[in-house]
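Asks: Just passing along the structure, written as structure tokens.
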Amino acid sequence: MPRCVEAQNDPFHVREMLTVEVFQGHSFGTLSVPVDGASGRERKKTFNMERLLQTPQEEEEEESRGVSVVGSELLDSYTVYIIEVTSGRHQWTVKHRYSDFRELHDKLAIKQQTLKELLPPKTVMGKNAPAVVARRAQQLQVYLRGILGQQGTCCSAPVADFLLMHVYDLVGVTTYLAEYLFNKGEEMLEKDEEVSFSPLQLHAIAWHLRRGPLPYGVTSQSDLGNILDFACRLKYLKVEGTLGTLGSSNIEDCRLPFDLSIFKALQQLKVSDCDIAGISGLEMCKGTLTSVSMHHCTSTIQDVLFREVAVLGDWEVQGTAVNPEDKRPGPAARVPPWSELTMLDLSDNSISYIDTTLKLTPKLQHLDLRNNNIKSIENLQIADVQQLGQLPCLEQLLLEGNPVCSTSDYRTRLLAAFGERACEVLLDQTLPSSKELDTAAVLWAIQISQDNKHKGNAKADGATKQPGGC
């Protein structure tokens with residue numbers, strides 16, 4: 001099990017550190033779709049994995065920036081000026097005293113990025129008087145706007161630090177992250193440890209990919225390629241949203257959409273407090289992921305495993321053997337399975353039923369559905385349990401914390417779905433007792449009898465409905 005990176009002074013562990021727009025689903029998938037169900041001929045249908053959240057027009061446009069000095073606070077013997085910064089739809093505040101402005105000015109003057117006379121002079125007498133503070137606030141606002149206007153797309157390090165551009169600004173977030181990975185990325189990958197990205201970081205990366213390369217101001221250290229190269233090789237990813245707004249900003253990163261298709265070698269994924277509707281590209285990780293954990297993210301299993309199921313209608317798992325005696329038309333589409341997935345943890349969500357998309361996980365061994373909203377044992381018996389029983393490798397099933405667990409016979413009904421494998425299944429961390437296995441065996445036999453009777457009736461009905469018959 002990979003250890004979690006401990007370093008606290010990097011962009012992966014500063015919860016306020018990042019911002020931007022999403023990369024929503026320019027990923028393509030291929031399904032095999034029959035042209036003629038009787039002939040079995042197939043054609044390949046390539047389709048765009050639909051963006052579930054269309055990008056508003058204003059987010060596609062150039063992100064405008066602005067800065068205003070909106071107030072001040074008297075702290076002890078000095079005044080702190082409150083600065084409001086805007087970048088597109090995002091805004092945040094920073095606080096600085098006059099000496100901070102002087103320090104910034106000196107750094108810029110050394111690099112010849114500003115004129116010395118632009119900064120208002122230092123005041124000695126009556127510096128905290130309301131009239132003096134108000135006048136200086138206006139002068140500092142003019143100064144900051146002039147500085148920001150000279151910066152272009154990529155702010156210099158002194159300005160980015162002063163205005164927290166590297167924390168909240170679209171360009172600043174990816175620039176800072178790219179520089180960090182340029183210096184630390186190889187070392188992090190060699191440790192083979194879990195790395196945390198925030199939704200805001202992933203959102204920022206996606207925005208850049210959709211927007212295209214920056215026209216100027218990018219160095220080899222700040223190039224987006226540093227991030228993409230790192231993402232392509234990362235194995236263990238954690239994405240954790242933040243409830244409420246980030247720091248002093250209006251950004252709700254738990255609502256920001258992002259794309260996971262940049263992670264080409266991902267084996268383990270942990271996501272919490274993120275809206276599943278805004279997560280795209282997950283289907284592109286099917287071939288490598290062995291473990292997926294999502295908490296406070298979804299209300300259905302299909303939104304995680306195969307959200308397009310509602311659009312496709314009839315479908316089947318790609319590679320499923322066709323019964324030669326089955327004369328029914330083939331499914332509308334054959335969907336690639338999660339070929340390596342062995343652990344699925346969807347605990348602490350709002351799932352109310354177990355759907356058919358679980359059959360896309362033929363190697364699943366551990367399924368955790370604790371603390372959801374599964375209520376009805378009847379629903380479990382009719383449909384949900386059958387999905388569980390069709391998982392040939394399932395060894396551990398966790399359902400504690402669901403309303404259905406209060407039903408007296410829920411364990412035996414669940415175990416009955418596994419037939420002869422019932423004794424191998426660890427249900428809610430407890431092996432079945434002999435009594436439970438006996439009851440489950442009876443229920444299983446009854447179910448088999450009913451299924452055979454149903455098949456016999458269906459076959460008889462088919463025989464009486466030949467072409468040309470009454």
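To be explicit about the labels: the chains of the structure tokens are called A, B, and onward in the order shown, and within each one the residues are counted from 1, while ligands get numbers from 1 in the order they are shown.
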Excluding A:Leu427 and residues on its chain fewer than 6 positions from it, collect all residues at most 9 Å away from it, counting only C-alpha atoms, and give them as a VMD selection string.
Replies: chain A and resid 395 to 399 411 414 to 415
Asks: Contacts of stretch 270-276 of chain A at 6 Å or less, counting only C-alpha atoms, minus same-chain residues fewer than 2 places along, as a list in words?
Replies: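 Answer for this query is Lys238, Val239, Glu240, Gly241, Cys254, Gly278, Ile279, Ser293, Met294, His295, His296, Cys297 and Thr298 of chain A.
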Asks: Write the residues of the selection above to a file with N, CA and C atoms, as a compact mmCIF listing (two decimals), in the first residue's frame.
Replies:
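Everything below was put into again.txt:
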```
# COMPACT_ATOMS: atom_id res chain seq x y z
N LYS A 238 -4.96 11.00 -5.18
CA LYS A 238 -6.00 11.37 -4.23
C LYS A 238 -6.52 12.75 -4.59
N VAL A 239 -7.85 12.89 -4.66
CA VAL A 239 -8.48 14.17 -4.96
C VAL A 239 -9.48 14.45 -3.85
N GLU A 240 -9.28 15.51 -3.12
CA GLU A 240 -10.12 15.80 -1.96
C GLU A 240 -10.67 17.22 -2.06
N GLY A 241 -11.99 17.33 -2.18
CA GLY A 241 -12.62 18.63 -2.24
C GLY A 241 -12.73 19.28 -0.86
N CYS A 254 -15.23 21.99 -4.46
CA CYS A 254 -15.98 20.73 -4.51
C CYS A 254 -16.97 20.73 -5.68
N GLY A 278 -19.28 16.26 -12.38
CA GLY A 278 -18.23 17.09 -12.93
C GLY A 278 -16.93 16.37 -13.19
N ILE A 279 -16.88 15.06 -12.91
CA ILE A 279 -15.66 14.29 -13.12
C ILE A 279 -15.75 13.56 -14.45
N SER A 293 -11.93 4.51 -4.81
CA SER A 293 -12.67 4.92 -3.61
C SER A 293 -13.29 6.28 -3.87
N MET A 294 -14.59 6.39 -3.61
CA MET A 294 -15.28 7.67 -3.75
C MET A 294 -16.23 7.86 -2.59
N HIS A 295 -16.11 8.98 -1.91
CA HIS A 295 -16.95 9.29 -0.75
C HIS A 295 -17.57 10.67 -0.91
N HIS A 296 -18.85 10.77 -0.57
CA HIS A 296 -19.57 12.04 -0.69
C HIS A 296 -19.49 12.58 -2.12
N CYS A 297 -19.72 11.70 -3.08
CA CYS A 297 -19.57 12.07 -4.49
C CYS A 297 -20.78 11.73 -5.36
N THR A 298 -21.52 10.65 -5.05
CA THR A 298 -22.48 10.13 -6.01
C THR A 298 -23.73 9.56 -5.34
```
Asks: Based on the backbone DSSP call, show me all residues of stretch 123-258 of chain A assigned helix (DSSP H, G or I), as an MDAnalysis selection string.
Replies: chainID A and resid 130:151 157:163 165:168 170:191 199:211 225:233 253:255
Asks: Report, in Å with one decimal, the straight-line distance from atom CA of A:Ala441 to atom CA of A:Pro392.
Replies: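 Answer for the atom CA of A:Ala441 to atom CA of A:Pro392 separation: 17.6 Å.
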Asks: List as a tab-separated table every residue of stretch 87-149 of chain A that is in contact with stretch 156-177 of chain A, defined as an atom at most 7 Å from one of its atoms (using only C-alpha atoms), together with the nearest atom pair and the distance in Å rounded to one decimal, sorted by chain and then rising number.
Replies:
```
residue	atom	partner	partner_atom	distance
A:Ser87	CA	A:Asp169	CA	6.2
A:Val94	CA	A:Leu163	CA	6.6
A:Leu104	CA	A:Pro158	CA	6.4
A:Lys107	CA	A:Pro158	CA	6.9
```
Asks: Save out the residues we just selected, C-alpha atoms, as a short mmCIF file (atom, residue, chain, number, x, y, z; two decimals), in the first residue's frame.
Replies:
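Below is the file that was written, out.cif:
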```cif
data_model
loop_
_atom_site.label_atom_id
_atom_site.label_comp_id
_atom_site.auth_asym_id
_atom_site.auth_seq_id
_atom_site.Cartn_x
_atom_site.Cartn_y
_atom_site.Cartn_z
CA SER A 87 -9.65 36.70 -12.22
CA VAL A 94 -5.30 39.71 0.45
CA LEU A 104 7.37 44.45 -3.61
CA LYS A 107 11.98 43.71 -5.98
#
```
Asks: From stretch 160-347 of chain A, collect each residue whose DSSP state is strand (DSSP E or B) and return the set as a PyMOL selection string.
Replies: chain A and resi 194-197+236-240+249+258-259+268-272+279-280+291-295+315-317+333-335+343-345
Asks: Go ahead and write the residues just picked, C-alpha atoms, as a PDB file, in the first residue's frame.
Replies:
```pdb
ATOM      1  CA  GLU A 194       0.151   8.586  -3.164  1.00  0.00           C
ATOM      2  CA  VAL A 195      -0.013  12.185  -4.412  1.00  0.00           C
ATOM      3  CA  SER A 196      -2.842  14.603  -3.680  1.00  0.00           C
ATOM      4  CA  PHE A 197      -4.208  16.975  -6.307  1.00  0.00           C
ATOM      5  CA  TYR A 236      -1.642   6.666  -6.916  1.00  0.00           C
ATOM      6  CA  LEU A 237      -3.915   9.715  -6.938  1.00  0.00           C
ATOM      7  CA  LYS A 238      -6.002  11.365  -4.233  1.00  0.00           C
ATOM      8  CA  VAL A 239      -8.483  14.170  -4.955  1.00  0.00           C
ATOM      9  CA  GLU A 240     -10.119  15.801  -1.965  1.00  0.00           C
ATOM     10  CA  SER A 249     -11.903  33.449  -2.172  1.00  0.00           C
ATOM     11  CA  PHE A 258     -12.181  18.268 -13.863  1.00  0.00           C
ATOM     12  CA  ASP A 259     -10.848  15.561 -16.154  1.00  0.00           C
ATOM     13  CA  GLN A 268      -5.372   3.674  -7.330  1.00  0.00           C
ATOM     14  CA  LEU A 269      -7.865   6.545  -7.187  1.00  0.00           C
ATOM     15  CA  LYS A 270      -9.351   8.159  -4.071  1.00  0.00           C
ATOM     16  CA  VAL A 271     -11.903  10.963  -4.439  1.00  0.00           C
ATOM     17  CA  SER A 272     -13.921  12.681  -1.735  1.00  0.00           C
ATOM     18  CA  ILE A 279     -15.655  14.291 -13.118  1.00  0.00           C
ATOM     19  CA  SER A 280     -14.914  13.249 -16.681  1.00  0.00           C
ATOM     20  CA  SER A 291      -8.732   0.329  -6.694  1.00  0.00           C
ATOM     21  CA  VAL A 292     -11.362   3.113  -6.705  1.00  0.00           C
ATOM     22  CA  SER A 293     -12.670   4.915  -3.615  1.00  0.00           C
ATOM     23  CA  MET A 294     -15.276   7.671  -3.754  1.00  0.00           C
ATOM     24  CA  HIS A 295     -16.946   9.286  -0.752  1.00  0.00           C
ATOM     25  CA  TRP A 315     -25.830  -3.141 -23.621  1.00  0.00           C
ATOM     26  CA  GLU A 316     -23.529  -5.978 -22.689  1.00  0.00           C
ATOM     27  CA  VAL A 317     -20.009  -6.343 -21.361  1.00  0.00           C
ATOM     28  CA  ALA A 333     -23.529  -1.873 -27.557  1.00  0.00           C
ATOM     29  CA  ARG A 334     -20.681  -3.819 -26.028  1.00  0.00           C
ATOM     30  CA  VAL A 335     -18.976  -1.878 -23.253  1.00  0.00           C
ATOM     31  CA  MET A 343     -11.546  -2.974  -4.973  1.00  0.00           C
ATOM     32  CA  LEU A 344     -14.498  -0.561  -5.156  1.00  0.00           C
ATOM     33  CA  ASP A 345     -15.233   1.588  -2.118  1.00  0.00           C
TER      34      ASP A 345
END
```
Asks: Could you tell me how far atom CA of A:Gln267 sits from atom CA of A:Asp229, in Å to one decimal place?
Replies: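 Between atom CA of A:Asp229 and atom CA of A:Gln267 the gap is 16.4 Å.
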Asks: Residues within 9 Å of stretch 418-422 of chain A, please, as a list of chain:residue names. Count only C-alpha atoms; anything in the same chain fewer than 2 positions from it doesn't count.
Replies: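 Residues near the query, excluding close chain neighbours: A:Val385, A:Gln386, A:Leu388, A:Gly389, A:Gln390, A:Leu391, A:Pro392, A:Leu414, A:Leu415, A:Ala416, A:Glu424, A:Val425, A:Leu426, A:Pro432, A:Leu437, A:Ala440, A:Ala441, A:Trp444, A:Ala445.
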Asks: For atom CA of A:Leu202 and atom CA of A:Phe230, determine how far apart the two atoms are, in Å to one decimal place.
Replies: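 Distance between the two atoms: 12.9 Å.
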Asks: List the spatial neighbours of A:Gln141 as a PyMOL selection string - criterion: any atom at most 8 Å away, only C-alpha atoms, same-chain residues fewer than 6 positions off excluded.
Replies: chain A and resi 67-69
Asks: Given the selection you just returned, output its residues as a file containing all heavy atoms, formatted as a PDB file, in the first residue's frame.
Replies:
```
ATOM      1  N   VAL A  67      -7.876  44.503  -9.823  1.00  0.00           N
ATOM      2  CA  VAL A  67      -7.435  44.643  -8.446  1.00  0.00           C
ATOM      3  C   VAL A  67      -7.953  45.967  -7.892  1.00  0.00           C
ATOM      4  O   VAL A  67      -7.954  46.982  -8.588  1.00  0.00           O
ATOM      5  CB  VAL A  67      -5.892  44.564  -8.346  1.00  0.00           C
ATOM      6  CG1 VAL A  67      -5.227  45.665  -9.150  1.00  0.00           C
ATOM      7  CG2 VAL A  67      -5.442  44.590  -6.901  1.00  0.00           C
ATOM      8  N   SER A  68      -8.431  45.947  -6.653  1.00  0.00           N
ATOM      9  CA  SER A  68      -8.952  47.141  -5.998  1.00  0.00           C
ATOM     10  C   SER A  68      -8.573  47.105  -4.524  1.00  0.00           C
ATOM     11  O   SER A  68      -8.559  46.032  -3.902  1.00  0.00           O
ATOM     12  CB  SER A  68     -10.482  47.221  -6.127  1.00  0.00           C
ATOM     13  OG  SER A  68     -10.891  47.228  -7.479  1.00  0.00           O
ATOM     14  N   VAL A  69      -8.277  48.266  -3.979  1.00  0.00           N
ATOM     15  CA  VAL A  69      -8.075  48.383  -2.535  1.00  0.00           C
ATOM     16  C   VAL A  69      -9.425  48.784  -1.951  1.00  0.00           C
ATOM     17  O   VAL A  69      -9.894  49.903  -2.157  1.00  0.00           O
ATOM     18  CB  VAL A  69      -6.996  49.424  -2.190  1.00  0.00           C
ATOM     19  CG1 VAL A  69      -6.832  49.539  -0.676  1.00  0.00           C
ATOM     20  CG2 VAL A  69      -5.662  49.048  -2.840  1.00  0.00           C
TER      21      VAL A  69
END
```
Asks: Excluding A:Glu179 and residues on its chain fewer than 3 positions from it, collect all residues at most 8 Å away from it, counting only C-alpha atoms, and give them as a list of chain:residue names.
Replies: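 Everything that qualifies: A:Thr175, A:Tyr176, A:Phe182, A:Asn183, A:Gln221, A:Ser222, A:Asp223, A:Asn226.
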Asks: Using only C-alpha atoms, which residue out of A:Leu108, A:Val80, A:Ala178, A:Cys154 lies closest to A:Ala137?
Replies: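 Using only C-alpha atoms, the shortest distance to A:Ala137 belongs to A:Val80.
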Asks: Write out as a list in words which residues come within 8 Å of A:Ser261 when counting only C-alpha atoms, dropping same-chain ones fewer than 3 positions away.
Replies: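 The residues that qualify are Ser27, Lys264, Ser280, Gly281, Leu282, Glu283, Met284 and Cys285 of chain A.
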